[in-house]
Amino acid sequence: MITFLSGGTGTPKLIRGARRYLDDSAITVVVNTAEDLWISGGHLSPDIDTLLYLFSGRLNTGTWWGIVDDTFLTHDELLLMGVDEYIGIGDRDRAVQIARGELLKSGCTLTEATRILSERMGITAAVLPMTDQQVATLIRTGDRVIHYQEYWVKHRGSLPIDEVIRYSPTGPSATGQVLSAIESSDMVIIGPSNPVTSILPVLECDGIIPALMDAFVIAVSPFIGDAPVSGPAAALMRARGLSPDSRSTAALYRDIIDLFVQDIRDPVDVPGSVRLDTLMTGEEQSASLAQALLSMRG
């Protein structure tokens, strides 16, 4: 079994390639949930939903979020009614969020709700929330503290970041399912996702670091030079006092990884790293990278 730590779009692109060489039933994904929030009566879990839609064959791979060919009638009507729904939620996507919300309100944990939704979508891969406890990534900008979704979607990442805050009333702990998956994996792959908002929330869950230290772990850098392939990773790294590059990413993961992979075009030198083409511009490139990573376990 192969376990991925995932968030954003970089790791799902890699997982798309890995599906050429692995049955879905051999794939487990531990997913960032620090970007979840309740909105318009539904429960949005963007990183989980990207995986659910990928494995069920419904993902819009033009945007890497939402359902392909979805409509936005409800969203458009809400805007006309003066509702500040700053995330464009598709109609079928909204149905999933409402269904998840109802499961949570009925007493299901997020892990249970995700399992139920996976079964209803015919998914055989294991999609596991990193925790069942509330956790959120917040951005302090000036005298305001806002949810990461508001920073990235509503304001399009245009606001200055003074601080990245991880909020959790009880302190998040990894679920037993997550720890068991890591323990039984042949390999754990930390995909090329945003380190600050996609991967660190997973690593900060109690129990994750010790489990990974006993596993064979490969991490893929999301940076080429001082620029991420996509998203606001550079600004977020700087807000944490880190340089936005592969060297800082490798340093963040150094206690838990056995191999670090960076792009063949990356001018930043990370001693001991493996150089591969990590720029997944299409399905063939994703498959080639995945094949190379999967062969490293031997």
# chains A, B, ... in the order shown; residues from 1 in each chain; ligands from 1

call {"tool": "residues_around", "arguments": {"residues": "stretch 55-67 of chain A", "least_positions_apart": "6", "cutoff": "12 Å", "atoms": "only C-alpha atoms", "output": "PyMOL selection string"}}
result
chain A and resi 7-13+15-19+23-25+27-29+44-49+87-97+117-127+230+281-283

call {"tool": "write_last_selection", "arguments": {"atoms": "C-alpha atoms", "output": "PDB file, in the first residue's frame"}}
result
ATOM      1  CA  GLY A   7      -3.565  19.073  -0.068  1.00  0.00           C
ATOM      2  CA  GLY A   8      -4.107  21.612  -2.806  1.00  0.00           C
ATOM      3  CA  THR A   9      -3.557  20.542  -6.422  1.00  0.00           C
ATOM      4  CA  GLY A  10       0.052  19.318  -6.624  1.00  0.00           C
ATOM      5  CA  THR A  11      -0.409  15.988  -4.880  1.00  0.00           C
ATOM      6  CA  PRO A  12      -3.722  15.126  -6.602  1.00  0.00           C
ATOM      7  CA  LYS A  13      -1.933  15.562  -9.949  1.00  0.00           C
ATOM      8  CA  ILE A  15      -1.982  10.673  -7.549  1.00  0.00           C
ATOM      9  CA  ARG A  16      -3.635  10.819 -10.977  1.00  0.00           C
ATOM     10  CA  GLY A  17      -0.363   9.517 -12.416  1.00  0.00           C
ATOM     11  CA  ALA A  18       0.077   6.867  -9.724  1.00  0.00           C
ATOM     12  CA  ARG A  19      -3.304   5.362 -10.593  1.00  0.00           C
ATOM     13  CA  ASP A  23      -5.131  -0.162  -8.056  1.00  0.00           C
ATOM     14  CA  ASP A  24      -7.169   2.426  -6.199  1.00  0.00           C
ATOM     15  CA  SER A  25      -7.582  -0.086  -3.390  1.00  0.00           C
ATOM     16  CA  ILE A  27      -3.851   3.885  -2.377  1.00  0.00           C
ATOM     17  CA  THR A  28      -4.449   5.746   0.878  1.00  0.00           C
ATOM     18  CA  VAL A  29      -4.498   9.525   1.016  1.00  0.00           C
ATOM     19  CA  LEU A  44     -16.792  22.556   2.494  1.00  0.00           C
ATOM     20  CA  SER A  45     -13.744  20.288   2.640  1.00  0.00           C
ATOM     21  CA  PRO A  46     -11.882  21.314  -0.511  1.00  0.00           C
ATOM     22  CA  ASP A  47      -8.886  18.995  -0.313  1.00  0.00           C
ATOM     23  CA  ILE A  48     -11.020  15.972   0.527  1.00  0.00           C
ATOM     24  CA  ASP A  49     -13.456  16.749  -2.279  1.00  0.00           C
ATOM     25  CA  ILE A  87     -16.478  30.722  -3.159  1.00  0.00           C
ATOM     26  CA  GLY A  88     -18.098  29.661  -6.420  1.00  0.00           C
ATOM     27  CA  ILE A  89     -19.771  26.405  -5.398  1.00  0.00           C
ATOM     28  CA  GLY A  90     -21.246  24.304  -8.192  1.00  0.00           C
ATOM     29  CA  ASP A  91     -24.696  22.762  -7.842  1.00  0.00           C
ATOM     30  CA  ARG A  92     -23.557  19.128  -7.717  1.00  0.00           C
ATOM     31  CA  ASP A  93     -20.548  20.092  -5.599  1.00  0.00           C
ATOM     32  CA  ARG A  94     -22.964  21.808  -3.210  1.00  0.00           C
ATOM     33  CA  ALA A  95     -25.007  18.612  -2.919  1.00  0.00           C
ATOM     34  CA  VAL A  96     -21.918  16.784  -1.646  1.00  0.00           C
ATOM     35  CA  GLN A  97     -21.249  19.549   0.866  1.00  0.00           C
ATOM     36  CA  LEU A 117     -19.435   9.509   0.802  1.00  0.00           C
ATOM     37  CA  SER A 118     -16.632   7.418  -0.699  1.00  0.00           C
ATOM     38  CA  GLU A 119     -18.802   4.310  -0.623  1.00  0.00           C
ATOM     39  CA  ARG A 120     -21.704   6.163  -2.230  1.00  0.00           C
ATOM     40  CA  MET A 121     -19.362   7.311  -5.028  1.00  0.00           C
ATOM     41  CA  GLY A 122     -17.957   3.816  -5.577  1.00  0.00           C
ATOM     42  CA  ILE A 123     -14.449   4.765  -4.428  1.00  0.00           C
ATOM     43  CA  THR A 124     -12.106   1.959  -3.317  1.00  0.00           C
ATOM     44  CA  ALA A 125      -9.137   4.149  -2.351  1.00  0.00           C
ATOM     45  CA  ALA A 126      -8.971   5.192   1.301  1.00  0.00           C
ATOM     46  CA  VAL A 127      -9.443   8.959   1.652  1.00  0.00           C
ATOM     47  CA  SER A 230       1.176  27.208  -8.534  1.00  0.00           C
ATOM     48  CA  THR A 281       1.777  19.781 -17.106  1.00  0.00           C
ATOM     49  CA  GLY A 282      -0.356  16.833 -18.199  1.00  0.00           C
ATOM     50  CA  GLU A 283      -1.356  13.273 -17.432  1.00  0.00           C
TER      51      GLU A 283
END

call {"tool": "select_by_dssp", "arguments": {"residues": "stretch 201-284 of chain A", "states": "strand (DSSP E)", "output": "count of residues only"}}
result
16

call {"tool": "residues_around", "arguments": {"residues": "A:Tyr167", "least_positions_apart": "6", "cutoff": "10 Å", "atoms": "only C-alpha atoms", "output": "PyMOL selection string"}}
result
chain A and resi 34+134-138+147

call {"tool": "closest_residue", "arguments": {"among": "A:Met213, A:Ala239, A:Ile218, A:Met1", "to": "A:Asp162", "atoms": "only C-alpha atoms"}}
result
A:Ala239

call {"tool": "closest_residue", "arguments": {"among": "A:Ser185, A:Asn32, A:Thr170, A:Ser248", "to": "A:Asp269", "atoms": "only C-alpha atoms"}}
result
A:Ser248

call {"tool": "residues_around", "arguments": {"residues": "A:Val145", "least_positions_apart": "5", "cutoff": "10 Å", "atoms": "only C-alpha atoms", "output": "list of chain:residue names"}}
result
A:Leu138, A:Ile139, A:Arg140, A:Tyr151, A:Ile161, A:Asp162, A:Glu163, A:Val164, A:Ile165

call {"tool": "write_last_selection", "arguments": {"atoms": "C-alpha atoms", "output": "mmCIF file, in the first residue's frame"}}
result
data_model
loop_
_atom_site.group_PDB
_atom_site.id
_atom_site.type_symbol
_atom_site.label_atom_id
_atom_site.label_comp_id
_atom_site.auth_asym_id
_atom_site.auth_seq_id
_atom_site.Cartn_x
_atom_site.Cartn_y
_atom_site.Cartn_z
ATOM 1 C CA LEU A 138 -5.983 31.624 9.522
ATOM 2 C CA ILE A 139 -4.166 34.613 8.083
ATOM 3 C CA ARG A 140 -3.403 37.746 10.088
ATOM 4 C CA TYR A 151 -7.482 35.226 1.896
ATOM 5 C CA ILE A 161 0.485 38.207 5.307
ATOM 6 C CA ASP A 162 1.685 39.190 8.755
ATOM 7 C CA GLU A 163 1.222 35.783 10.334
ATOM 8 C CA VAL A 164 -0.042 32.300 9.527
ATOM 9 C CA ILE A 165 -2.066 30.945 12.455
#

call {"tool": "residues_around", "arguments": {"residues": "A:Glu112", "least_positions_apart": "6", "cutoff": "12 Å", "atoms": "only C-alpha atoms", "output": "VMD selection string"}}
result
chain A and resid 100 103 to 104 106 118 to 119 126 to 129 131 to 132 175 177

call {"tool": "select_by_dssp", "arguments": {"residues": "stretch 14-199 of chain A", "states": "alpha helix (DSSP H)", "output": "PyMOL selection string"}}
result
chain A and resi 14-18+46-55+73-80+91-105+110-120+148-149+176-183

call {"tool": "closest_residue", "arguments": {"among": "A:Leu203, A:Leu79, A:Met187, A:Pro160", "to": "A:Thr33", "atoms": "only C-alpha atoms"}}
result
A:Leu203

call {"tool": "decode", "arguments": {"residues": "stretch 234-262 of chain A", "atoms": "C-alpha atoms", "output": "mmCIF file, in the first residue's frame"}}
result
data_model
loop_
_atom_site.group_PDB
_atom_site.id
_atom_site.type_symbol
_atom_site.label_atom_id
_atom_site.label_comp_id
_atom_site.auth_asym_id
_atom_site.auth_seq_id
_atom_site.Cartn_x
_atom_site.Cartn_y
_atom_site.Cartn_z
ATOM 1 C CA ALA A 234 6.054 31.648 -1.702
ATOM 2 C CA ALA A 235 4.215 34.327 0.296
ATOM 3 C CA LEU A 236 3.237 31.806 2.951
ATOM 4 C CA MET A 237 6.794 30.522 3.338
ATOM 5 C CA ARG A 238 8.086 34.077 3.731
ATOM 6 C CA ALA A 239 5.420 34.721 6.367
ATOM 7 C CA ARG A 240 6.884 31.810 8.319
ATOM 8 C CA GLY A 241 10.351 33.354 8.025
ATOM 9 C CA LEU A 242 11.469 30.812 5.435
ATOM 10 C CA SER A 243 12.889 31.254 1.972
ATOM 11 C CA PRO A 244 10.454 29.964 -0.670
ATOM 12 C CA ASP A 245 12.583 27.249 -2.199
ATOM 13 C CA SER A 246 13.475 23.570 -2.147
ATOM 14 C CA ARG A 247 16.194 24.029 0.478
ATOM 15 C CA SER A 248 13.731 25.366 3.059
ATOM 16 C CA THR A 249 11.189 22.707 2.124
ATOM 17 C CA ALA A 250 13.737 19.947 2.648
ATOM 18 C CA ALA A 251 14.660 21.486 6.002
ATOM 19 C CA LEU A 252 11.009 21.465 7.103
ATOM 20 C CA TYR A 253 10.767 17.745 6.363
ATOM 21 C CA ARG A 254 14.310 16.654 7.257
ATOM 22 C CA ASP A 255 13.417 14.665 10.383
ATOM 23 C CA ILE A 256 10.893 12.450 8.613
ATOM 24 C CA ILE A 257 12.086 11.914 5.035
ATOM 25 C CA ASP A 258 14.370 9.316 3.521
ATOM 26 C CA LEU A 259 14.534 10.882 0.060
ATOM 27 C CA PHE A 260 13.934 14.414 -1.195
ATOM 28 C CA VAL A 261 13.025 15.061 -4.825
ATOM 29 C CA GLN A 262 13.438 18.353 -6.635
#
